Amino acid sequence: MKKYLVLFLELGLAAIVLWCFVWNGWIPLFQKPLDLTSPLVEGDYIAVSRGQKTEEILVKGNTTTNVLTSSPHRLVFFSLSERAVVFTSEKVHLYPQKTIFVHSFLIGVVILLSVLFAYWLKKTKEFDWATRFFLFALVFGWSGSLSVLFLFLSVFVGLSNSVKSYHFRWYHALAGAFFLWALFSGLFSRFPVNGVGAAFLFLGYMLIDFSFRARSLEKLPLTLVGRAIFSAFLSSGLVSFFQQLFVGQGVGIWDGSVWLLLWPYHEHELVSLFEWSARGGYWIGLMVSFLFTLFLREKNTKEKILLATGLVIGLVTLLFTQSRGGFVLAFVGMFTQLLFLKRGYLALLFLVLPLTFVLFAPDSKWAQSIKNPLSFHTNVQRLHQIRAGLDFWKEANPLTGIGLMNFKEYYYEKRHEYDIYSVADYLHQGYLAILLETGVVGWVLLYGFFAVMWTKALSSALKKKGFGPACLGLQTGFLTSLLFDAMLLYAFYLGMWVWLWVGFSEGMEEKKTTNTQ
C-alpha cells in the first residue's frame with residue numbers, strides 16, 4: 001500500500017509541475033481582477049494577458065486615449081492620471097500595481113528544487129555536513145543563490161578542521177598580501193565602496209581556497225559527486241528546455257519581477273546563472289571538465305553510462321548558451337587531461353571537432369566572432385574596453401591602480417569617447433583589469449600566486465594520473481579565459497569554483513609530498 005501511495009504522490013507531483021509549465025501564465029497572490037464595468041480611479045495598474053497572443057487595452061479619459069500592448073509572458077504597467085474607462089478583451093485582466101505576481105513556470109521550478117533538495121538530503125545522510133553541503137552546492141550549481149549558500153555552509157562547517165590541518169607556505173603570503181593591497185588601493189580610490197567591496201570578494205575566494213586545500217579529492221564520495229553534477233545538468237537542461245518551449249525565452253530562468261529576487265546579482269535574476277547565458281556557459285564549462293575526469297576514472301559500466309549521459313546533456317546545454325568562454329574552458333580542461341594521460345589520439349579529436357563545429361555552425365556567436373574578429377559587435381566592444389583600459393592606465397598611479405571594480409565608473413564617464421553601446425561591469429581582459437585596478441604590485445601578487453598554483457598542478461599532473469591533470473586542466477582553462485574575459489574573477493558564484501579547485505590541487509600535492517616523506 002505504501003508503495004502505491006508513493007507512486008500516486010509522484011505522479012501527482014509530476015502532473016502539477018507539468019501543469020505549471022503548460023499553464024504559462026502569471027498568477028496573482030491574494031488579489032482578484034478589477035471590475036471594469038465602472039470607470040477606474042487615478043492610480044497605478046498592471047495588465048495581464050490570459051491569451052496566447054498579443055492583446056490590446058484601450059484607455060479613454062477626458063483628454064487621453066491610450067493603447068497598450070500586453071504580451072502573454074510579460075506584465076504591462078501603466079498609470080492613470082484621472083478617472084478613465086478601460087476597454088479590453090476578455091483575455092486581459094487588470095490589477096492594482098501593488099499586487100504581487102508569480103509565474104506558473106516559477107512554481108514548477110520551485111517544486112523541482114524542493115524535490116531535488118529532499119532527495120539529496122536523504123541520499124547523503126551518512127556523510128558529515130561539510131561533505132553534504134559540498135554535494136548540495138554541486139547539485140544546485142546552476143543556481144547562483146543556492147550554490148553560494150551551500151558552498152559557504154560547507155566552508156564554515158569544515159573550518160575547524162581546516163585550521164587544525166593548516167601548514168603555512170610562503171606563497172600563501174602572496175594571496176594575503178594581494179587582499180591587503182587591494183584594500184589599501186580601494187580605500188584611496190575615487191570610488192572606495194567599489195574597491196573595498198571587491199577586495200572582500202577576493203577574501204571570500206581565499207577562504208574557499210583555505211578550506212578545500214585541507215580536503216582530499218580521493219576521499220570524496222566520487223560516485224555521488226558524479227551523480228550530483230549529472231543531476232545539476234539534468235535539472236538545468238530540463239528547465240532550459242521547458243523555458244524555451246513554453247516561455248519562449250532562451251537558456252535561463254527569468255522571473256520578471258524584483259519582488260521575487262533572492263540574490264541581488266541582477267535585477268531580473270532569480271536564482272539561475274543562465275539568466276545571462278554566458279554565466280551559465282562558464283559554469284557548465286567548469287563542471288563538464290571535471291565530469292570528464294570522473295568519466296575517465298570510472299570502472300563501473302552503469303556509472304560510466306550515467307556520466308557519459310551527463311556529459312552529453314552538459315555539452316548540448318553549453319551549445320545552447322553559445323558561451324565562448326565556457327566552450328574554451330570545457331575543451332581546454334578536457335584536452336589538457338587527455339594530453340597528460342597520454343591519449344594523444346583522443347586529444348587530437350577533442351581539438352579538431354570543436355574547432356570544426358565553431359567554424360561551421362550556422363549563425364553561431366562562435367562562427368561570427370572567429371570569421372569576423374574585428375567587426376563582430378562583442379569583439380568590437382571588448383577592443384574598445386581594452387583601449388580605454390590602456391588609456392586609464394596611463395593616467396593612473398602605476399603602483400596602486402584605480403581600485404578594484406572601478407573600471408566601470410571611469411568607463412561610463414568617458415564611454416562616448418570609445419563605444420556608447422558597450423556595457424562594461426568590468427574590463428573584459430583579466431590580466432589588464434588587475435593591472436589597471438591594483439597596479440603593478442597587485443598584479444605581481446595575484447598572478448604570482450596563480451603561477452605557483454599552476455606549477456604545483458603541473459607537478460602533480462606529471463607525477464601521477466588522476467586528479468593532477470584535472471586540476472591542471474581547470475587552472476589552464478581559467479588562465480586562458482582571462483585573455484578575453486574576466487568573469488571568473490569578478491562573478492563570485494563562478495570564481496568560487498575556480499578557487500575551490502585551486503585549493504584541491506594544492507592539498508593533493510602537499511599530501512603526496514607528506515606521504516613520500
# chains A, B, ... in the order shown; residues from 1 in each chain; ligands from 1
$ residues_around --residues "segment 150-152 of chain A" --least-positions-apart "2" --cutoff "8 Å" --atoms "only C-alpha atoms" --output "ChimeraX atom specification"
/A:133-134,136-137,146-148,154-156,208
$ residues_around --residues "segment 411-427 of chain A" --least-positions-apart "4" --cutoff "7 Å" --atoms "only C-alpha atoms" --output "list in words"
Gln381, His384, Gln385, Met405, Phe407, Ala433 and Ala486 of chain A
$ write_last_selection --atoms "C-alpha atoms" --output "JSON list (two decimals), in the first residue's frame"
[["chain", "number", "residue", "atom", "x", "y", "z"],
["A", 381, "GLN", "CA", 33.18, 46.27, -27.54],
["A", 384, "HIS", "CA", 37.15, 49.46, -27.07],
["A", 385, "GLN", "CA", 37.29, 48.44, -23.41],
["A", 405, "MET", "CA", 35.84, 47.26, -9.77],
["A", 407, "PHE", "CA", 36.96, 50.48, -14.27],
["A", 433, "ALA", "CA", 41.94, 44.51, -15.43],
["A", 486, "ALA", "CA", 37.37, 38.39, -16.52]]
$ atom_distance --atom1 "atom CA of Gly61 of chain A" --atom2 "atom CA of Thr99 of chain A"
23.6 Å
$ closest_atom_pairs --of "segment 275-323 of chain A" --to "segment 219-242 of chain A" --cutoff "10 Å" --atoms "only C-alpha atoms" --output "Markdown table"
| residue | atom | partner | partner_atom | distance |
| --- | --- | --- | --- | --- |
| A:Gly280 | CA | A:Ser236 | CA | 9.4 |
| A:Ile284 | CA | A:Phe233 | CA | 8.0 |
| A:Met287 | CA | A:Ile229 | CA | 7.0 |
| A:Val288 | CA | A:Ile229 | CA | 8.5 |
| A:Phe290 | CA | A:Gly226 | CA | 8.8 |
| A:Leu291 | CA | A:Gly226 | CA | 6.3 |
| A:Phe292 | CA | A:Gly226 | CA | 9.4 |
| A:Thr293 | CA | A:Gly226 | CA | 9.6 |
| A:Leu294 | CA | A:Gly226 | CA | 6.6 |
| A:Phe295 | CA | A:Gly226 | CA | 8.3 |
| A:Arg297 | CA | A:Leu222 | CA | 9.8 |
| A:Glu298 | CA | A:Thr223 | CA | 8.5 |
| A:Asn300 | CA | A:Thr223 | CA | 9.9 |
| A:Glu303 | CA | A:Thr223 | CA | 7.7 |
| A:Lys304 | CA | A:Gly226 | CA | 9.7 |
| A:Leu306 | CA | A:Phe230 | CA | 7.6 |
| A:Leu307 | CA | A:Gly226 | CA | 6.7 |
| A:Ala308 | CA | A:Phe230 | CA | 9.3 |
| A:Thr309 | CA | A:Phe230 | CA | 7.9 |
| A:Gly310 | CA | A:Phe230 | CA | 4.8 |
| A:Leu311 | CA | A:Phe230 | CA | 7.9 |
| A:Val312 | CA | A:Phe233 | CA | 9.4 |
| A:Ile313 | CA | A:Phe233 | CA | 6.3 |
| A:Gly314 | CA | A:Phe233 | CA | 5.5 |
| A:Leu315 | CA | A:Phe233 | CA | 9.3 |
| A:Val316 | CA | A:Gly237 | CA | 8.5 |
| A:Thr317 | CA | A:Gly237 | CA | 6.1 |
| A:Leu318 | CA | A:Gly237 | CA | 9.6 |
| A:Phe320 | CA | A:Ser240 | CA | 9.1 |
| A:Thr321 | CA | A:Ser240 | CA | 9.8 |
$ write_last_selection --atoms "N, CA and C atoms" --output "compact mmCIF listing (two decimals), in the first residue's frame"
# COMPACT_ATOMS: atom_id res chain seq x y z
N GLY A 280 26.07 30.95 -17.35
CA GLY A 280 25.76 29.53 -17.33
C GLY A 280 26.76 28.72 -18.12
N ILE A 284 28.95 25.57 -16.75
CA ILE A 284 28.91 24.27 -17.42
C ILE A 284 30.31 23.87 -17.86
N MET A 287 32.15 22.44 -14.90
CA MET A 287 31.62 21.15 -14.45
C MET A 287 31.84 20.05 -15.48
N VAL A 288 31.73 20.38 -16.77
CA VAL A 288 31.97 19.39 -17.82
C VAL A 288 33.38 18.85 -17.72
N PHE A 290 35.35 18.59 -15.12
CA PHE A 290 35.55 17.67 -14.00
C PHE A 290 34.73 16.39 -14.18
N LEU A 291 33.53 16.49 -14.75
CA LEU A 291 32.73 15.30 -15.00
C LEU A 291 33.47 14.38 -15.98
N PHE A 292 34.20 14.98 -16.92
CA PHE A 292 35.01 14.21 -17.85
C PHE A 292 36.10 13.44 -17.09
N THR A 293 36.67 14.06 -16.07
CA THR A 293 37.68 13.39 -15.23
C THR A 293 37.08 12.15 -14.57
N LEU A 294 35.90 12.33 -13.99
CA LEU A 294 35.23 11.20 -13.32
C LEU A 294 34.89 10.10 -14.32
N PHE A 295 34.50 10.50 -15.53
CA PHE A 295 34.18 9.53 -16.57
C PHE A 295 35.42 8.69 -16.91
N ARG A 297 37.94 8.01 -15.02
CA ARG A 297 38.37 7.21 -13.87
C ARG A 297 37.41 6.07 -13.55
N GLU A 298 36.16 6.22 -13.94
CA GLU A 298 35.11 5.28 -13.54
C GLU A 298 35.31 3.90 -14.18
N ASN A 300 32.96 1.18 -13.22
CA ASN A 300 31.64 0.55 -13.27
C ASN A 300 30.91 0.98 -14.55
N GLU A 303 27.71 3.26 -14.07
CA GLU A 303 28.08 4.63 -13.68
C GLU A 303 28.72 5.37 -14.85
N LYS A 304 29.51 4.64 -15.64
CA LYS A 304 30.17 5.26 -16.80
C LYS A 304 29.12 5.74 -17.81
N LEU A 306 26.05 6.63 -17.06
CA LEU A 306 25.41 7.79 -16.44
C LEU A 306 26.25 9.05 -16.64
N LEU A 307 27.55 8.92 -16.41
CA LEU A 307 28.45 10.07 -16.57
C LEU A 307 28.52 10.52 -18.02
N ALA A 308 28.54 9.56 -18.95
CA ALA A 308 28.56 9.90 -20.37
C ALA A 308 27.28 10.64 -20.77
N THR A 309 26.14 10.19 -20.22
CA THR A 309 24.87 10.88 -20.49
C THR A 309 24.91 12.30 -19.95
N GLY A 310 25.48 12.46 -18.74
CA GLY A 310 25.62 13.80 -18.17
C GLY A 310 26.48 14.70 -19.03
N LEU A 311 27.58 14.14 -19.56
CA LEU A 311 28.45 14.92 -20.44
C LEU A 311 27.71 15.39 -21.68
N VAL A 312 26.91 14.52 -22.27
CA VAL A 312 26.15 14.89 -23.47
C VAL A 312 25.16 16.01 -23.15
N ILE A 313 24.41 15.85 -22.03
CA ILE A 313 23.44 16.88 -21.64
C ILE A 313 24.15 18.21 -21.39
N GLY A 314 25.28 18.15 -20.66
CA GLY A 314 26.02 19.37 -20.35
C GLY A 314 26.54 20.06 -21.60
N LEU A 315 27.09 19.28 -22.52
CA LEU A 315 27.66 19.87 -23.74
C LEU A 315 26.57 20.44 -24.65
N VAL A 316 25.42 19.76 -24.72
CA VAL A 316 24.32 20.28 -25.53
C VAL A 316 23.81 21.59 -24.95
N THR A 317 23.64 21.64 -23.62
CA THR A 317 23.20 22.88 -22.98
C THR A 317 24.24 23.98 -23.17
N LEU A 318 25.52 23.60 -23.12
CA LEU A 318 26.61 24.57 -23.37
C LEU A 318 26.50 25.15 -24.78
N PHE A 320 23.75 25.52 -26.45
CA PHE A 320 22.60 26.42 -26.47
C PHE A 320 22.96 27.79 -25.87
N THR A 321 23.84 27.80 -24.88
CA THR A 321 24.21 29.08 -24.28
C THR A 321 25.07 29.92 -25.22
$ residues_around --residues "segment 164-181 of chain A" --least-positions-apart "4" --cutoff "8 Å" --atoms "only C-alpha atoms" --output "MDAnalysis selection string"
chainID A and resid 160 185 199:200 202:203 206 214 400 438 441:442 445:446 448:449 452
$ write_last_selection --atoms "C-alpha atoms" --output "PDB file, in the first residue's frame"
ATOM      1  CA  SER A 160      37.807  23.982  12.338  1.00  0.00           C
ATOM      2  CA  SER A 185      44.178  50.636  -3.185  1.00  0.00           C
ATOM      3  CA  ALA A 199      38.731  43.346  -2.057  1.00  0.00           C
ATOM      4  CA  PHE A 200      36.486  41.396   0.326  1.00  0.00           C
ATOM      5  CA  PHE A 202      38.716  38.141  -3.132  1.00  0.00           C
ATOM      6  CA  LEU A 203      38.956  37.455   0.594  1.00  0.00           C
ATOM      7  CA  MET A 206      40.785  32.879  -0.346  1.00  0.00           C
ATOM      8  CA  ALA A 214      42.555  20.698   3.711  1.00  0.00           C
ATOM      9  CA  THR A 400      48.229  51.242  -6.810  1.00  0.00           C
ATOM     10  CA  THR A 438      45.520  47.262  -8.378  1.00  0.00           C
ATOM     11  CA  VAL A 441      52.136  45.487  -7.125  1.00  0.00           C
ATOM     12  CA  GLY A 442      48.666  43.900  -7.111  1.00  0.00           C
ATOM     13  CA  LEU A 445      50.970  39.398  -6.079  1.00  0.00           C
ATOM     14  CA  LEU A 446      47.835  37.856  -7.583  1.00  0.00           C
ATOM     15  CA  GLY A 448      52.418  35.296  -8.818  1.00  0.00           C
ATOM     16  CA  PHE A 449      50.093  33.239  -6.595  1.00  0.00           C
ATOM     17  CA  VAL A 452      52.717  28.982  -8.176  1.00  0.00           C
TER      18      VAL A 452
END
$ residues_around --residues "segment 386-391 of chain A" --least-positions-apart "4" --cutoff "7 Å" --atoms "only C-alpha atoms" --output "PyMOL selection string"
chain A and resi 382+395+436
$ residues_around --residues "segment 77-86 of chain A" --least-positions-apart "5" --cutoff "9 Å" --atoms "only C-alpha atoms" --output "VMD selection string"
chain A and resid 36 to 47 57 to 62 64 68 97
$ select_by_dssp --residues "segment 19-215 of chain A" --states "alpha helix (DSSP H)" --output "VMD selection string"
chain A and resid 19 to 23 104 to 123 129 to 139 144 to 157 159 to 164 172 to 187 192 to 212
$ write_last_selection --atoms "C-alpha atoms" --output "PDB file, in the first residue's frame"
ATOM      1  CA  TRP A  19       0.595  21.980 -15.388  1.00  0.00           C
ATOM      2  CA  CYS A  20       2.777  24.837 -14.147  1.00  0.00           C
ATOM      3  CA  PHE A  21       4.859  24.718 -17.316  1.00  0.00           C
ATOM      4  CA  VAL A  22       1.918  24.322 -19.700  1.00  0.00           C
ATOM      5  CA  TRP A  23      -0.222  26.957 -17.979  1.00  0.00           C
ATOM      6  CA  SER A 104       3.430  29.386 -13.166  1.00  0.00           C
ATOM      7  CA  PHE A 105       6.781  28.440 -14.682  1.00  0.00           C
ATOM      8  CA  LEU A 106       8.452  29.650 -11.495  1.00  0.00           C
ATOM      9  CA  ILE A 107       6.170  27.482  -9.352  1.00  0.00           C
ATOM     10  CA  GLY A 108       7.235  24.444 -11.367  1.00  0.00           C
ATOM     11  CA  VAL A 109      10.898  25.334 -10.854  1.00  0.00           C
ATOM     12  CA  VAL A 110      10.439  25.773  -7.095  1.00  0.00           C
ATOM     13  CA  ILE A 111       8.742  22.361  -6.886  1.00  0.00           C
ATOM     14  CA  LEU A 112      11.626  20.759  -8.783  1.00  0.00           C
ATOM     15  CA  LEU A 113      14.158  22.455  -6.475  1.00  0.00           C
ATOM     16  CA  SER A 114      12.275  21.231  -3.394  1.00  0.00           C
ATOM     17  CA  VAL A 115      12.147  17.644  -4.654  1.00  0.00           C
ATOM     18  CA  LEU A 116      15.842  17.737  -5.541  1.00  0.00           C
ATOM     19  CA  PHE A 117      16.744  19.019  -2.086  1.00  0.00           C
ATOM     20  CA  ALA A 118      14.648  16.357  -0.335  1.00  0.00           C
ATOM     21  CA  TYR A 119      16.191  13.600  -2.477  1.00  0.00           C
ATOM     22  CA  TRP A 120      19.788  14.671  -1.855  1.00  0.00           C
ATOM     23  CA  LEU A 121      19.153  15.304   1.829  1.00  0.00           C
ATOM     24  CA  LYS A 122      18.194  11.648   2.150  1.00  0.00           C
ATOM     25  CA  LYS A 123      20.865  10.378  -0.249  1.00  0.00           C
ATOM     26  CA  TRP A 129      27.742  18.066   6.918  1.00  0.00           C
ATOM     27  CA  ALA A 130      30.781  19.601   5.219  1.00  0.00           C
ATOM     28  CA  THR A 131      30.603  16.908   2.528  1.00  0.00           C
ATOM     29  CA  ARG A 132      26.814  17.086   2.310  1.00  0.00           C
ATOM     30  CA  PHE A 133      26.782  20.845   1.779  1.00  0.00           C
ATOM     31  CA  PHE A 134      29.504  20.498  -0.875  1.00  0.00           C
ATOM     32  CA  LEU A 135      27.355  17.959  -2.733  1.00  0.00           C
ATOM     33  CA  PHE A 136      24.327  20.277  -2.426  1.00  0.00           C
ATOM     34  CA  ALA A 137      26.413  23.086  -3.927  1.00  0.00           C
ATOM     35  CA  LEU A 138      27.135  20.826  -6.907  1.00  0.00           C
ATOM     36  CA  VAL A 139      23.513  19.728  -7.294  1.00  0.00           C
ATOM     37  CA  GLY A 144      23.638  31.340  -8.100  1.00  0.00           C
ATOM     38  CA  SER A 145      21.944  31.875  -4.752  1.00  0.00           C
ATOM     39  CA  LEU A 146      21.754  28.265  -3.592  1.00  0.00           C
ATOM     40  CA  SER A 147      25.207  27.370  -4.861  1.00  0.00           C
ATOM     41  CA  VAL A 148      26.852  30.199  -2.886  1.00  0.00           C
ATOM     42  CA  LEU A 149      24.780  29.371   0.202  1.00  0.00           C
ATOM     43  CA  PHE A 150      25.630  25.671   0.279  1.00  0.00           C
ATOM     44  CA  LEU A 151      29.299  26.115  -0.565  1.00  0.00           C
ATOM     45  CA  PHE A 152      29.786  28.600   2.261  1.00  0.00           C
ATOM     46  CA  LEU A 153      27.925  26.339   4.659  1.00  0.00           C
ATOM     47  CA  SER A 154      30.396  23.615   3.648  1.00  0.00           C
ATOM     48  CA  VAL A 155      33.311  26.010   4.213  1.00  0.00           C
ATOM     49  CA  PHE A 156      32.171  27.147   7.651  1.00  0.00           C
ATOM     50  CA  VAL A 157      31.197  23.675   8.877  1.00  0.00           C
ATOM     51  CA  LEU A 159      36.542  25.429   9.057  1.00  0.00           C
ATOM     52  CA  SER A 160      37.807  23.982  12.338  1.00  0.00           C
ATOM     53  CA  ASN A 161      39.345  21.002  10.522  1.00  0.00           C
ATOM     54  CA  SER A 162      40.925  23.382   8.003  1.00  0.00           C
ATOM     55  CA  VAL A 163      42.524  25.417  10.802  1.00  0.00           C
ATOM     56  CA  LYS A 164      43.889  22.300  12.542  1.00  0.00           C
ATOM     57  CA  HIS A 172      50.115  31.958   0.863  1.00  0.00           C
ATOM     58  CA  ALA A 173      51.582  35.350   1.758  1.00  0.00           C
ATOM     59  CA  LEU A 174      51.118  36.394  -1.881  1.00  0.00           C
ATOM     60  CA  ALA A 175      47.355  35.881  -1.694  1.00  0.00           C
ATOM     61  CA  GLY A 176      47.076  37.551   1.702  1.00  0.00           C
ATOM     62  CA  ALA A 177      49.206  40.492   0.594  1.00  0.00           C
ATOM     63  CA  PHE A 178      47.033  40.909  -2.525  1.00  0.00           C
ATOM     64  CA  PHE A 179      43.932  41.283  -0.349  1.00  0.00           C
ATOM     65  CA  LEU A 180      45.619  43.894   1.856  1.00  0.00           C
ATOM     66  CA  TRP A 181      46.985  45.744  -1.163  1.00  0.00           C
ATOM     67  CA  ALA A 182      43.583  45.708  -2.922  1.00  0.00           C
ATOM     68  CA  LEU A 183      42.010  47.020   0.297  1.00  0.00           C
ATOM     69  CA  PHE A 184      44.604  49.804   0.506  1.00  0.00           C
ATOM     70  CA  SER A 185      44.178  50.636  -3.185  1.00  0.00           C
ATOM     71  CA  GLY A 186      40.388  50.689  -2.823  1.00  0.00           C
ATOM     72  CA  LEU A 187      40.394  52.925   0.250  1.00  0.00           C
ATOM     73  CA  PRO A 192      36.190  53.405  -2.371  1.00  0.00           C
ATOM     74  CA  VAL A 193      32.949  51.450  -1.883  1.00  0.00           C
ATOM     75  CA  ASN A 194      33.617  49.510  -5.088  1.00  0.00           C
ATOM     76  CA  GLY A 195      37.300  48.971  -4.320  1.00  0.00           C
ATOM     77  CA  VAL A 196      36.851  47.831  -0.713  1.00  0.00           C
ATOM     78  CA  GLY A 197      33.857  45.648  -1.543  1.00  0.00           C
ATOM     79  CA  ALA A 198      35.725  43.872  -4.353  1.00  0.00           C
ATOM     80  CA  ALA A 199      38.731  43.346  -2.057  1.00  0.00           C
ATOM     81  CA  PHE A 200      36.486  41.396   0.326  1.00  0.00           C
ATOM     82  CA  LEU A 201      35.151  39.427  -2.648  1.00  0.00           C
ATOM     83  CA  PHE A 202      38.716  38.141  -3.132  1.00  0.00           C
ATOM     84  CA  LEU A 203      38.956  37.455   0.594  1.00  0.00           C
ATOM     85  CA  GLY A 204      35.927  35.183   0.163  1.00  0.00           C
ATOM     86  CA  TYR A 205      37.774  33.367  -2.618  1.00  0.00           C
ATOM     87  CA  MET A 206      40.785  32.879  -0.346  1.00  0.00           C
ATOM     88  CA  LEU A 207      38.577  31.477   2.403  1.00  0.00           C
ATOM     89  CA  ILE A 208      37.261  28.849  -0.029  1.00  0.00           C
ATOM     90  CA  ASP A 209      40.811  28.009  -1.139  1.00  0.00           C
ATOM     91  CA  PHE A 210      41.889  27.764   2.522  1.00  0.00           C
ATOM     92  CA  SER A 211      39.035  25.379   3.342  1.00  0.00           C
ATOM     93  CA  PHE A 212      39.374  22.998   0.406  1.00  0.00           C
TER      94      PHE A 212
END
$ residues_around --residues "segment 332-343 of chain A" --least-positions-apart "3" --cutoff "6 Å" --atoms "only C-alpha atoms" --output "mmCIF file with all heavy atoms, in the first residue's frame"
data_model
loop_
_atom_site.group_PDB
_atom_site.id
_atom_site.type_symbol
_atom_site.label_atom_id
_atom_site.label_comp_id
_atom_site.auth_asym_id
_atom_site.auth_seq_id
_atom_site.Cartn_x
_atom_site.Cartn_y
_atom_site.Cartn_z
ATOM 1 N N SER A 289 34.332 19.742 -17.490
ATOM 2 C CA SER A 289 35.731 19.335 -17.412
ATOM 3 C C SER A 289 35.955 18.332 -16.286
ATOM 4 O O SER A 289 36.649 17.322 -16.462
ATOM 5 C CB SER A 289 36.617 20.570 -17.212
ATOM 6 O OG SER A 289 37.980 20.220 -17.240
ATOM 7 N N VAL A 328 35.603 27.386 -24.365
ATOM 8 C CA VAL A 328 37.062 27.310 -24.232
ATOM 9 C C VAL A 328 37.444 26.610 -22.934
ATOM 10 O O VAL A 328 38.325 25.739 -22.902
ATOM 11 C CB VAL A 328 37.681 28.726 -24.276
ATOM 12 C CG1 VAL A 328 39.153 28.697 -23.874
ATOM 13 C CG2 VAL A 328 37.529 29.324 -25.667
ATOM 14 N N LEU A 329 36.773 26.963 -21.854
ATOM 15 C CA LEU A 329 37.063 26.387 -20.546
ATOM 16 C C LEU A 329 36.883 24.874 -20.553
ATOM 17 O O LEU A 329 37.733 24.116 -20.060
ATOM 18 C CB LEU A 329 36.134 27.022 -19.502
ATOM 19 C CG LEU A 329 36.513 26.900 -18.043
ATOM 20 C CD1 LEU A 329 37.858 27.545 -17.779
ATOM 21 C CD2 LEU A 329 35.448 27.557 -17.188
ATOM 22 N N LEU A 346 42.828 10.872 -28.739
ATOM 23 C CA LEU A 346 41.615 11.497 -28.232
ATOM 24 C C LEU A 346 41.803 13.003 -28.071
ATOM 25 O O LEU A 346 40.886 13.781 -28.324
ATOM 26 C CB LEU A 346 41.220 10.875 -26.887
ATOM 27 C CG LEU A 346 40.564 9.490 -26.941
ATOM 28 C CD1 LEU A 346 40.316 8.971 -25.537
ATOM 29 C CD2 LEU A 346 39.255 9.544 -27.724
ATOM 30 N N ALA A 347 43.012 13.398 -27.659
ATOM 31 C CA ALA A 347 43.289 14.824 -27.503
ATOM 32 C C ALA A 347 43.161 15.531 -28.850
ATOM 33 O O ALA A 347 42.589 16.623 -28.939
ATOM 34 C CB ALA A 347 44.700 15.026 -26.937
ATOM 35 N N PRO A 469 46.020 15.918 -13.672
ATOM 36 C CA PRO A 469 45.635 16.503 -14.961
ATOM 37 C C PRO A 469 44.335 17.290 -14.898
ATOM 38 O O PRO A 469 44.185 18.294 -15.598
ATOM 39 C CB PRO A 469 45.497 15.273 -15.869
ATOM 40 C CG PRO A 469 46.387 14.250 -15.258
ATOM 41 C CD PRO A 469 46.277 14.475 -13.779
ATOM 42 N N ALA A 470 43.397 16.840 -14.063
ATOM 43 C CA ALA A 470 42.108 17.542 -13.949
ATOM 44 C C ALA A 470 42.305 18.943 -13.390
ATOM 45 O O ALA A 470 41.795 19.927 -13.937
ATOM 46 C CB ALA A 470 41.157 16.748 -13.059
ATOM 47 N N GLY A 473 44.103 21.078 -15.891
ATOM 48 C CA GLY A 473 43.210 21.473 -16.969
ATOM 49 C C GLY A 473 42.285 22.602 -16.580
ATOM 50 O O GLY A 473 42.097 23.560 -17.343
ATOM 51 N N LEU A 474 41.722 22.522 -15.381
ATOM 52 C CA LEU A 474 40.817 23.574 -14.914
ATOM 53 C C LEU A 474 41.557 24.898 -14.752
ATOM 54 O O LEU A 474 41.058 25.960 -15.137
ATOM 55 C CB LEU A 474 40.167 23.149 -13.601
ATOM 56 C CG LEU A 474 39.043 22.109 -13.735
ATOM 57 C CD1 LEU A 474 38.792 21.409 -12.411
ATOM 58 C CD2 LEU A 474 37.764 22.770 -14.229
ATOM 59 N N GLY A 477 42.476 26.292 -18.210
ATOM 60 C CA GLY A 477 41.288 26.871 -18.829
ATOM 61 C C GLY A 477 40.940 28.220 -18.239
ATOM 62 O O GLY A 477 40.597 29.166 -18.959
#
$ residues_around --residues "Met487 of chain A" --least-positions-apart "3" --cutoff "10 Å" --atoms "only C-alpha atoms" --output "JSON, numbers by chain"
{"A": [278, 279, 282, 325, 425, 426, 427, 428, 429, 430, 478, 481, 482, 484, 490, 491, 492, 493, 494, 495]}
$ decode --residues "segment 2-13 of chain A" --atoms "N, CA and C atoms" --output "compact mmCIF listing (two decimals), in the first residue's frame"
# COMPACT_ATOMS: atom_id res chain seq x y z
N LYS A 2 1.95 1.25 0.81
CA LYS A 2 2.84 2.40 0.89
C LYS A 2 3.50 2.67 -0.46
N LYS A 3 3.87 1.57 -1.20
CA LYS A 3 4.50 1.72 -2.49
C LYS A 3 3.57 2.43 -3.47
N TYR A 4 2.29 2.04 -3.46
CA TYR A 4 1.32 2.66 -4.38
C TYR A 4 1.03 4.10 -4.00
N LEU A 5 1.06 4.39 -2.69
CA LEU A 5 0.83 5.76 -2.23
C LEU A 5 1.96 6.67 -2.70
N VAL A 6 3.20 6.19 -2.58
CA VAL A 6 4.35 6.97 -3.05
C VAL A 6 4.26 7.19 -4.55
N LEU A 7 3.88 6.13 -5.31
CA LEU A 7 3.74 6.25 -6.76
C LEU A 7 2.67 7.27 -7.12
N PHE A 8 1.55 7.24 -6.38
CA PHE A 8 0.46 8.19 -6.63
C PHE A 8 0.93 9.62 -6.39
N LEU A 9 1.67 9.83 -5.28
CA LEU A 9 2.16 11.17 -4.97
C LEU A 9 3.17 11.64 -6.02
N GLU A 10 4.03 10.73 -6.50
CA GLU A 10 4.99 11.11 -7.53
C GLU A 10 4.30 11.50 -8.83
N LEU A 11 3.28 10.75 -9.23
CA LEU A 11 2.54 11.08 -10.43
C LEU A 11 1.80 12.40 -10.28
N GLY A 12 1.25 12.62 -9.06
CA GLY A 12 0.56 13.88 -8.80
C GLY A 12 1.51 15.06 -8.87
N LEU A 13 2.72 14.87 -8.32
CA LEU A 13 3.73 15.93 -8.36
C LEU A 13 4.14 16.22 -9.80
